[in-house]
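Trainee: input.txt is reproduced in full below (compact mmCIF, C-alpha atoms).
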```
# COMPACT_ATOMS: atom_id res chain seq x y z
CA MET A 938 0.00 0.00 0.00
CA VAL A 939 2.97 2.31 0.58
CA VAL A 940 3.78 2.03 -3.15
CA ILE A 941 0.21 3.00 -4.08
CA ILE A 942 0.20 6.02 -1.78
CA ARG A 943 3.54 7.25 -3.10
CA LEU A 944 2.46 6.82 -6.71
CA ALA A 945 -0.90 8.44 -5.96
CA LYS A 946 0.84 11.53 -4.59
CA ILE A 947 2.75 11.82 -7.85
CA LEU A 948 0.15 10.74 -10.42
CA ILE A 949 -3.26 11.62 -8.93
CA LYS A 950 -4.32 15.20 -8.49
CA ASN A 951 -6.09 15.81 -5.15
CA HIS A 952 -5.35 12.18 -4.22
CA GLU A 953 -6.72 12.63 -0.69
CA GLN A 954 -10.25 13.44 -1.96
CA VAL A 955 -11.23 9.81 -2.54
CA GLU A 956 -14.95 10.63 -2.44
CA ASP A 957 -14.50 12.53 -5.72
CA THR A 958 -15.50 10.37 -8.70
CA LYS A 959 -12.48 11.39 -10.78
CA VAL A 960 -10.00 10.71 -7.97
CA ARG A 961 -11.64 7.36 -7.26
CA GLN A 962 -11.40 6.42 -10.92
CA ASP A 963 -7.71 7.39 -10.98
CA TYR A 964 -7.03 5.15 -7.98
CA GLY A 965 -8.82 2.31 -9.73
CA ARG A 966 -6.85 2.81 -12.92
CA LEU A 967 -3.55 2.97 -11.03
CA MET A 968 -4.12 -0.16 -8.95
CA SER A 969 -5.52 -2.09 -11.90
CA SER A 970 -2.49 -1.21 -14.04
CA LEU A 971 -0.12 -2.36 -11.31
CA GLY A 972 -2.15 -5.57 -11.00
CA ILE A 973 -1.96 -6.25 -14.74
CA ALA A 974 1.81 -5.66 -14.86
CA SER A 975 2.64 -7.73 -11.77
CA ASN A 976 0.37 -10.63 -12.78
CA LEU A 977 1.80 -10.80 -16.29
CA LEU A 978 5.30 -10.86 -14.78
CA LEU A 979 4.34 -13.66 -12.39
CA SER A 980 2.64 -15.64 -15.15
CA ALA A 981 5.73 -15.45 -17.37
CA ILE A 982 8.22 -16.51 -14.72
CA LYS A 983 5.97 -19.37 -13.53
CA PHE A 984 5.60 -20.72 -17.06
CA ILE A 985 9.37 -20.78 -17.22
CA ALA A 986 9.57 -22.51 -13.83
CA GLY A 987 6.88 -25.03 -14.82
CA THR A 988 8.71 -25.84 -18.05
CA ILE A 989 12.00 -26.36 -16.23
CA THR A 990 10.53 -28.65 -13.56
CA GLY A 991 7.76 -30.30 -15.55
CA SER A 992 5.36 -29.46 -12.71
CA ILE A 993 1.69 -29.24 -13.65
CA ALA A 994 1.01 -27.47 -10.34
CA ILE A 995 3.44 -24.66 -11.18
CA THR A 996 2.13 -24.40 -14.74
CA SER A 997 -1.42 -24.33 -13.40
CA ASP A 998 -0.45 -21.54 -11.04
CA ALA A 999 0.98 -19.65 -14.04
CA TRP A 1000 -2.38 -19.91 -15.81
CA ASN A 1001 -4.04 -18.68 -12.66
CA ASN A 1002 -1.86 -15.56 -12.69
CA ALA A 1003 -2.62 -15.04 -16.38
CA THR A 1004 -6.34 -14.96 -15.59
CA ASP A 1005 -5.60 -12.56 -12.73
CA SER A 1006 -4.32 -10.17 -15.40
CA ILE A 1007 -7.63 -10.51 -17.23
CA ALA A 1008 -9.43 -9.82 -13.96
CA SER A 1009 -7.36 -6.65 -13.53
CA VAL A 1010 -8.33 -5.58 -17.04
CA VAL A 1011 -11.99 -6.12 -16.16
CA ALA A 1012 -11.49 -4.01 -13.02
CA LEU A 1013 -9.81 -1.30 -15.09
CA VAL A 1014 -12.72 -1.17 -17.53
CA SER A 1015 -15.27 -1.26 -14.71
CA PHE A 1016 -13.91 1.92 -13.12
CA LYS A 1017 -14.25 3.77 -16.41
CA LEU A 1018 -17.80 2.57 -17.05
CA SER A 1019 -19.05 2.95 -13.48
CA ALA A 1020 -17.91 6.59 -13.45
CA LYS A 1021 -20.27 7.49 -16.29
CA PRO A 1022 -22.81 10.11 -15.19
CA PRO A 1023 -26.55 9.38 -14.94
CA ASP A 1024 -28.54 9.39 -18.17
CA LYS A 1025 -32.13 8.91 -19.28
CA LYS A 1026 -31.98 5.11 -19.06
CA HIS A 1027 -29.90 5.03 -15.87
CA PRO A 1028 -31.02 7.96 -13.67
CA TYR A 1029 -29.08 6.59 -10.68
CA GLY A 1030 -25.80 6.36 -12.55
CA HIS A 1031 -23.70 3.35 -13.55
CA ALA A 1032 -21.86 2.59 -10.30
CA ARG A 1033 -23.35 -0.91 -10.07
CA PHE A 1034 -21.20 -1.89 -13.05
CA GLU A 1035 -18.48 -2.58 -10.50
CA TYR A 1036 -20.68 -5.34 -9.07
CA ILE A 1037 -21.08 -6.80 -12.56
CA ALA A 1038 -17.30 -6.63 -13.00
CA SER A 1039 -16.80 -8.48 -9.71
CA SER A 1040 -19.14 -11.20 -10.98
CA LEU A 1041 -17.13 -11.48 -14.20
CA VAL A 1042 -13.91 -11.80 -12.18
CA ALA A 1043 -15.52 -14.56 -10.12
CA LEU A 1044 -16.69 -16.44 -13.24
CA ILE A 1045 -13.20 -16.25 -14.73
CA ILE A 1046 -11.74 -17.65 -11.51
CA ILE A 1047 -14.27 -20.51 -11.46
CA LEU A 1048 -13.58 -21.36 -15.12
CA VAL A 1049 -9.83 -21.53 -14.47
CA ALA A 1050 -10.45 -23.70 -11.40
CA TRP A 1051 -12.41 -26.17 -13.54
CA GLU A 1052 -9.68 -26.41 -16.17
CA LEU A 1053 -7.01 -26.90 -13.51
CA PHE A 1054 -9.13 -29.56 -11.85
CA LYS A 1055 -9.36 -31.59 -15.07
CA THR A 1056 -5.62 -31.26 -15.75
CA SER A 1057 -4.73 -32.26 -12.19
CA ILE A 1058 -6.93 -35.36 -12.39
CA GLY A 1059 -4.84 -36.45 -15.38
CA ARG A 1060 -1.62 -35.93 -13.44
CA VAL A 1061 -2.97 -37.93 -10.47
CA ILE A 1062 -3.72 -40.83 -12.81
CA ASN A 1063 -0.36 -40.53 -14.61
CA PRO A 1064 2.16 -38.96 -12.17
CA GLN A 1065 5.46 -37.63 -13.55
CA GLN A 1066 8.82 -36.97 -11.98
CA ILE A 1067 9.48 -33.31 -11.10
CA ALA A 1068 12.92 -31.79 -11.47
CA LEU A 1069 13.98 -29.26 -8.88
CA ASP A 1070 15.92 -26.19 -9.84
CA TYR A 1071 16.92 -23.78 -7.11
CA LEU A 1072 16.17 -20.88 -9.45
CA VAL A 1073 12.58 -22.17 -9.49
CA VAL A 1074 12.49 -22.08 -5.69
CA VAL A 1075 13.59 -18.45 -5.78
CA ILE A 1076 10.93 -17.68 -8.42
CA LEU A 1077 8.17 -19.26 -6.33
CA ILE A 1078 9.25 -17.42 -3.17
CA LEU A 1079 9.31 -14.15 -5.15
CA SER A 1080 5.83 -14.99 -6.44
CA ILE A 1081 4.52 -15.49 -2.90
CA LEU A 1082 5.92 -12.13 -1.80
CA ILE A 1083 4.43 -10.31 -4.81
CA LYS A 1084 1.02 -11.92 -4.21
CA LEU A 1085 1.09 -10.90 -0.57
CA TRP A 1086 1.90 -7.37 -1.69
CA GLN A 1087 -1.03 -7.50 -4.12
CA TRP A 1088 -3.35 -8.77 -1.39
CA GLN A 1089 -2.43 -5.94 0.94
CA SER A 1090 -2.56 -3.28 -1.79
CA TYR A 1091 -5.88 -4.43 -3.25
CA ARG A 1092 -7.40 -4.73 0.21
CA GLN A 1093 -6.30 -1.30 1.40
CA THR A 1094 -7.19 0.39 -1.90
CA GLY A 1095 -10.60 -1.31 -1.87
CA LYS A 1096 -11.17 0.00 1.63
CA LEU A 1097 -9.91 3.47 0.73
CA ILE A 1098 -12.21 3.94 -2.29
CA ASP A 1099 -14.95 1.49 -1.24
CA SER A 1100 -14.44 -0.87 -4.18
CA GLN A 1101 -15.99 -4.33 -4.16
CA VAL A 1102 -13.92 -5.24 -7.23
CA PHE A 1103 -10.68 -4.67 -5.34
CA ARG A 1104 -11.95 -6.39 -2.21
CA ALA A 1105 -12.76 -9.43 -4.34
CA THR A 1106 -9.38 -9.29 -6.08
CA SER A 1107 -7.58 -9.02 -2.75
CA VAL A 1108 -9.16 -12.29 -1.61
CA ASP A 1109 -8.04 -13.91 -4.86
CA SER A 1110 -4.48 -12.61 -4.37
CA LEU A 1111 -4.28 -14.02 -0.85
CA GLY A 1112 -5.54 -17.33 -2.16
CA ASP A 1113 -2.85 -17.23 -4.86
CA ALA A 1114 -0.16 -16.67 -2.23
CA ILE A 1115 -1.36 -19.69 -0.27
CA THR A 1116 -1.65 -21.74 -3.46
CA THR A 1117 1.90 -20.93 -4.60
CA ALA A 1118 3.22 -21.76 -1.14
CA SER A 1119 1.51 -25.16 -1.43
CA VAL A 1120 3.06 -25.72 -4.86
CA LEU A 1121 6.50 -24.91 -3.45
CA VAL A 1122 6.03 -27.33 -0.56
CA GLY A 1123 4.82 -30.06 -2.95
CA THR A 1124 7.82 -29.56 -5.24
CA LEU A 1125 10.25 -29.83 -2.31
CA ILE A 1126 8.49 -32.95 -1.00
CA ALA A 1127 8.65 -34.58 -4.43
CA HIS A 1128 12.35 -33.81 -4.76
CA PHE A 1129 13.50 -34.91 -1.32
CA SER A 1130 11.10 -37.81 -0.65
CA GLY A 1131 10.11 -39.04 -4.09
CA LEU A 1132 6.40 -38.74 -3.30
CA MET A 1133 4.48 -37.72 -6.42
CA LEU A 1134 2.04 -35.23 -4.91
CA ASP A 1135 2.03 -32.82 -7.84
CA GLY A 1136 -1.39 -33.86 -9.16
CA TRP A 1137 -2.94 -33.95 -5.70
CA ILE A 1138 -1.64 -30.46 -4.90
CA GLY A 1139 -3.00 -29.31 -8.25
CA LEU A 1140 -6.40 -30.66 -7.20
CA LEU A 1141 -6.26 -28.80 -3.91
CA VAL A 1142 -5.19 -25.65 -5.74
CA SER A 1143 -8.14 -25.93 -8.16
CA LEU A 1144 -10.62 -26.48 -5.31
CA PHE A 1145 -9.23 -23.51 -3.39
CA ILE A 1146 -9.47 -21.31 -6.49
CA PHE A 1147 -13.03 -22.50 -7.09
CA TRP A 1148 -14.04 -21.72 -3.51
CA SER A 1149 -12.55 -18.22 -3.74
CA GLY A 1150 -14.42 -17.56 -6.98
CA PHE A 1151 -17.67 -18.90 -5.55
CA ASN A 1152 -17.44 -16.64 -2.48
CA ILE A 1153 -16.76 -13.59 -4.64
CA LEU A 1154 -19.71 -14.46 -6.91
CA ARG A 1155 -21.99 -14.93 -3.91
CA GLU A 1156 -21.00 -11.56 -2.43
CA THR A 1157 -21.50 -9.64 -5.68
CA ALA A 1158 -24.78 -11.41 -6.41
CA THR A 1159 -26.03 -10.28 -3.01
CA SER A 1160 -25.17 -6.67 -3.88
CA LEU A 1161 -26.89 -6.91 -7.27
CA LEU A 1162 -29.99 -8.51 -5.78
CA GLY A 1163 -30.24 -5.87 -3.05
CA GLY A 1164 -28.66 -7.24 0.09
CA ALA A 1165 -29.17 -5.85 3.57
CA PRO A 1166 -27.29 -2.58 4.22
CA PRO A 1167 -24.30 -2.58 6.60
CA GLU A 1168 -25.41 -2.54 10.23
CA ASP A 1169 -22.99 0.27 11.09
CA LEU A 1170 -24.53 2.46 8.37
CA VAL A 1171 -28.06 1.79 9.68
CA LYS A 1172 -26.95 2.59 13.22
CA ALA A 1173 -25.17 5.77 12.12
CA LEU A 1174 -28.24 7.04 10.25
CA GLU A 1175 -30.55 6.25 13.16
CA ASP A 1176 -28.27 8.00 15.65
CA LYS A 1177 -27.94 11.06 13.40
CA ILE A 1178 -31.68 11.45 12.78
CA LEU A 1179 -32.61 10.93 16.43
CA SER A 1180 -29.99 13.44 17.55
CA TYR A 1181 -32.28 16.35 16.59
CA PRO A 1182 -34.34 17.43 19.64
CA GLU A 1183 -37.44 18.06 17.50
CA VAL A 1184 -37.50 14.42 16.36
CA PHE A 1185 -39.64 12.14 18.56
CA GLY A 1186 -38.91 8.93 16.67
CA MET A 1187 -38.30 7.32 13.29
CA HIS A 1188 -39.27 4.17 11.44
CA ASP A 1189 -39.41 2.51 8.01
CA LEU A 1190 -35.78 3.27 7.19
CA LEU A 1191 -35.07 1.88 3.70
CA ILE A 1192 -31.58 1.97 2.17
CA HIS A 1193 -30.91 1.35 -1.52
CA ASP A 1194 -27.41 0.66 -2.84
CA TYR A 1195 -26.80 1.71 -6.45
CA GLY A 1196 -23.07 1.14 -6.24
CA PRO A 1197 -20.12 2.78 -4.46
CA GLY A 1198 -20.94 6.39 -3.67
CA LYS A 1199 -24.56 5.97 -4.83
CA MET A 1200 -26.57 5.28 -1.67
CA PHE A 1201 -30.18 6.41 -1.34
CA ALA A 1202 -32.43 6.12 1.71
CA SER A 1203 -35.95 6.99 2.81
CA VAL A 1204 -37.36 7.21 6.33
CA HIS A 1205 -40.43 8.31 8.28
CA VAL A 1206 -39.64 10.87 10.96
CA GLU A 1207 -42.05 11.76 13.79
CA ILE A 1208 -42.27 15.39 14.93
CA ASP A 1209 -44.76 17.54 16.83
CA ALA A 1210 -47.96 18.03 14.83
CA ASN A 1211 -48.25 21.56 16.27
CA LEU A 1212 -44.98 22.67 14.67
CA GLU A 1213 -45.50 25.22 11.90
CA SER A 1214 -45.38 23.68 8.43
CA MET A 1215 -42.50 25.89 7.27
CA ASP A 1216 -40.53 25.01 10.39
CA SER A 1217 -41.19 21.32 9.79
CA HIS A 1218 -40.06 21.66 6.19
CA GLU A 1219 -36.88 23.48 7.21
CA LEU A 1220 -36.13 20.77 9.79
CA ILE A 1221 -36.39 17.83 7.42
CA ASP A 1222 -34.39 19.72 4.77
CA ARG A 1223 -31.67 20.34 7.34
CA ILE A 1224 -31.57 16.67 8.36
CA GLU A 1225 -31.34 15.57 4.72
CA ARG A 1226 -28.48 18.00 4.05
CA ASP A 1227 -26.60 17.05 7.20
CA VAL A 1228 -26.91 13.31 6.49
CA PHE A 1229 -25.61 13.75 2.94
CA ALA A 1230 -22.71 15.91 4.13
CA GLY A 1231 -21.76 13.38 6.81
CA SER A 1232 -22.28 10.07 5.02
CA GLY A 1233 -22.90 10.72 1.32
CA VAL A 1234 -26.35 9.12 1.61
CA HIS A 1235 -29.14 10.80 -0.35
CA LEU A 1236 -31.92 10.82 2.27
CA ILE A 1237 -35.62 11.45 1.61
CA ILE A 1238 -37.79 12.05 4.70
CA HIS A 1239 -41.51 11.46 5.05
CA LEU A 1240 -42.94 13.61 7.82
CA ASP A 1241 -45.20 11.94 10.40
CA PRO A 1242 -46.94 14.54 12.64
CA VAL A 1243 -47.51 13.36 16.22
CA LEU A 1244 -50.17 14.82 18.51
CA THR A 1245 -48.66 15.74 21.86
CA ASP A 1246 -51.65 17.37 23.56
CA ASP A 1247 -54.32 14.64 23.43
CA PRO A 1248 -54.56 12.93 26.85
CA GLN A 1249 -56.94 10.24 25.61
CA LEU A 1250 -54.63 9.33 22.73
CA ASP A 1251 -51.67 9.21 25.10
CA ASP A 1252 -53.63 6.93 27.44
CA TYR A 1253 -54.52 4.54 24.62
CA ARG A 1254 -50.92 4.55 23.35
CA GLU A 1255 -49.59 3.63 26.79
CA LYS A 1256 -52.14 0.83 27.38
CA ILE A 1257 -51.86 -0.68 23.92
CA GLY A 1258 -48.07 -0.35 24.04
CA LYS A 1259 -48.01 -2.51 27.18
CA THR A 1260 -50.23 -5.11 25.50
CA ILE A 1261 -47.93 -5.26 22.50
CA ILE A 1262 -44.77 -5.57 24.58
CA ALA A 1263 -46.42 -8.42 26.50
CA VAL A 1264 -46.70 -10.31 23.19
CA SER A 1265 -43.13 -9.54 22.04
CA SER A 1266 -40.56 -6.97 23.15
CA ASP A 1267 -39.28 -6.96 19.55
CA PHE A 1268 -42.48 -5.39 18.20
CA ARG A 1269 -42.29 -1.68 17.31
CA LEU A 1270 -45.31 0.61 17.41
CA HIS A 1271 -45.62 3.79 15.33
CA ASP A 1272 -48.07 6.01 13.40
CA PHE A 1273 -50.50 5.75 16.32
CA ARG A 1274 -53.74 7.59 15.53
CA LEU A 1275 -57.25 7.89 16.99
CA MET A 1276 -60.47 8.24 15.01
CA ARG A 1277 -63.43 9.31 17.13
CA SER A 1278 -67.05 8.62 16.12
CA GLU A 1279 -70.49 8.09 17.67
CA GLU A 1280 -70.20 4.34 16.99
CA GLY A 1281 -66.96 4.13 18.98
CA ASN A 1282 -63.29 4.99 18.83
CA ILE A 1283 -60.98 3.39 16.27
CA ILE A 1284 -57.24 3.10 16.88
CA LEU A 1285 -55.00 2.92 13.82
CA PHE A 1286 -51.31 2.07 14.06
CA ASP A 1287 -48.45 0.39 12.25
CA LEU A 1288 -46.63 -2.49 13.88
CA GLU A 1289 -43.12 -3.47 12.88
CA VAL A 1290 -42.49 -7.20 13.32
CA PRO A 1291 -39.09 -8.97 13.04
CA GLY A 1292 -38.62 -10.70 9.71
CA ASP A 1293 -38.03 -14.05 11.40
CA TYR A 1294 -41.08 -13.83 13.68
CA PRO A 1295 -42.78 -17.24 13.23
CA HIS A 1296 -46.44 -16.17 12.89
CA GLU A 1297 -48.24 -14.87 9.81
CA GLU A 1298 -49.42 -11.25 9.64
CA GLU A 1299 -53.12 -12.10 9.85
CA SER A 1300 -52.54 -14.29 12.89
CA ILE A 1301 -50.59 -11.48 14.62
CA LYS A 1302 -53.33 -8.92 13.88
CA HIS A 1303 -56.13 -11.23 15.03
CA ASP A 1304 -54.35 -12.04 18.30
CA LEU A 1305 -53.56 -8.37 19.07
CA GLN A 1306 -57.03 -7.14 18.19
CA LYS A 1307 -58.53 -9.75 20.48
CA ARG A 1308 -56.20 -8.81 23.37
CA ILE A 1309 -56.71 -5.04 22.93
CA LYS A 1310 -60.50 -5.41 22.68
CA ALA A 1311 -60.59 -7.45 25.90
CA GLU A 1312 -58.51 -4.89 27.80
CA ASN A 1313 -60.09 -1.77 26.25
CA PRO A 1314 -63.83 -2.29 25.62
CA GLY A 1315 -65.40 0.19 23.26
CA ILE A 1316 -62.51 0.59 20.83
CA SER A 1317 -61.51 -1.19 17.64
CA CYS A 1318 -58.09 -1.47 16.05
CA LEU A 1319 -56.89 -1.27 12.47
CA ILE A 1320 -53.36 -2.64 12.38
CA THR A 1321 -50.84 -2.51 9.53
CA ILE A 1322 -48.02 -5.05 9.82
CA ASP A 1323 -44.53 -4.22 8.51
CA ARG A 1324 -41.69 -6.74 8.56
CA TYR A 1325 -38.21 -5.45 9.39
CA TYR A 1326 -34.91 -7.25 8.89
```
Take the structure in the file and give it back as C-alpha cells.
Mentor:
Amino acid sequence: MVVIIRLAKILIKNHEQVEDTKVRQDYGRLMSSLGIASNLLLSAIKFIAGTITGSIAITSDAWNNATDSIASVVALVSFKLSAKPPDKKHPYGHARFEYIASSLVALIIILVAWELFKTSIGRVINPQQIALDYLVVVILILSILIKLWQWQSYRQTGKLIDSQVFRATSVDSLGDAITTASVLVGTLIAHFSGLMLDGWIGLLVSLFIFWSGFNILRETATSLLGGAPPEDLVKALEDKILSYPEVFGMHDLLIHDYGPGKMFASVHVEIDANLESMDSHELIDRIERDVFAGSGVHLIIHLDPVLTDDPQLDDYREKIGKTIIAVSSDFRLHDFRLMRSEEGNIILFDLEVPGDYPHEEESIKHDLQKRIKAENPGISCLITIDRYY
C-alpha cells in the first residue's frame, strides 16, 4: 500500500479526496495497471519454472496468474464505465457496473479452477517426476511475496475507495499466495522424498481457487440482488436522525445501494404536529443536508406529525403499548392515531415485526385485536403489519 500512496501523490491530483468520482477512478486505474503488470510478470516466470521442472502445479499456477491479469483488465474497464454520469436510461448512474465486473472476475476464476481440476486429475492418474531447480524455488518465493503485496494493496485500496472489485481481487491474491506456497512445498516434498504429490496439490489448488471464486460471486450477487445494508450504516443514520431534539422517533428506514458512492435512503420521521409547516419543512431539509454531508447518503424524509396534547390518545398509546410488549418486546409501534365517532373509537397504528417472527401477519393482527378489545372495551383497532430485517 505504501507504493500505491507514493504513486498516488505523484500521479493523482487531489489524491486525498477519494470521495471525488475522478480521484476514485484514478485510484482504480492505477491499482488495476499495477495488477496487470505484476500478474503478467508472475505468469511469465511461472511458465518458465513449470517448463524447467515439468510441474503441472506450477504451470497451473501460471495460468491462474494469467487470468488474474484478465481480472485486472476487467477491473480497469469497470472503473471507467461505473464513473459514467446518470442518463435517461440510468437515472441513478452506472456505479453498479463494479458489481457486474466483480461477478465477471468470479466467473473467470471458477472457469480456471475447472480447467485446472481436469488437468490435475490427469496428473494424479499418470504422475510424472518433477525436477527441482533452485532458481525455481527463488521464483516461487518471489511470487509469494508479490502476491502478498497484491493482497495488501488491493485490500487497502478497496477499503480506501470502497471498491468491491478490489476487495474481491484481494481475496483472490491471498488465495494465490497460499496456493503458490503449497506448490512450493509439494515440489520440495517430491524432490527430497520421491512422493508424487504434484497432481494432488494441483487438485487442492483448483478447489481452493473455485471456492474463492464462488465466495466472490456470492457476495457480488447479493449486492446486485439488493442485500441488507451494513449494520454500522443503519446505526449511524438512526443516531444522526434521532440526535435532533425536535425528532420524537423514526421508522421505516429503507436503504438502496446503487453502487459505491450511490446510496439512497428513505425514512419516516415523527415530529410535533403543532410545529408550523414551514418550520417542519426546514427541519427535514436540514436533516437531509446534514446526512448527505456526513455520510454521502441521499436521504428522503416522510414527515409523520404526532399529537402531543391529546390525553386520551396518550392513554390509549400507553395501554396498547403494554399489551404489544407483553406479546413480544421486539415489536415496534408507530403512526399511532385515533379516530373518534359516535359508533366508537378506532385506533390505527403500524406495527413493525421482526422478519423471522414465526407467525403470519393475519394471525398477529387477530391475536392483538382480540387482546386489545378485551382490555379496552369500546374501541376497535386497524393494524398494519410491517416486517423489518
Trainee: Using all atoms listed in the file, pick whichever of A:Ser1080, A:Gly1030, A:Leu1174, A:Phe984 has the shortest atom-to-atom distance to Gly1231 of chain A.
Mentor: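 Checking each candidate against Gly1231 of chain A, we get A:Leu1174 as the closest.
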Trainee: When distances are computed from all atoms listed in the file, which of A:Arg1274, A:His1239, A:Lys1177, A:Arg961 shows the smallest separation from Asp1227 of chain A?
Mentor: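 Selected residue with least distance to Asp1227 of chain A: A:Lys1177.
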Trainee: Do a neighbour search on Arg1033 of chain A at 12 Å with all atoms listed in the file, toss out local chain neighbours closer than 5 positions, and write the hits as a PyMOL selection string.
Mentor: chain A and resi 1015-1016+1018-1021+1023+1027+1038-1040+1100-1102+1157-1158+1160-1163+1193-1200
Trainee: Just to confirm, what's the straight-line distance from atom CA of Leu1305 of chain A to atom CA of Gly1186 of chain A in Å (one decimal)?
Mentor: 22.8 Å
Trainee: Rank A:Pro1028, A:Gly987, A:Gly1095, A:Pro1291 by their smallest atom-to-atom distance to Val1074 of chain A, using only C-alpha atoms, and report the top residue only.
Mentor: A:Gly987
Trainee: When you draw a straight line from atom CA of Ile1322 of chain A to atom CA of Glu1289 of chain A, how long is it in Å?
Mentor: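 That distance, rounded to one decimal, is 6.0 Å.
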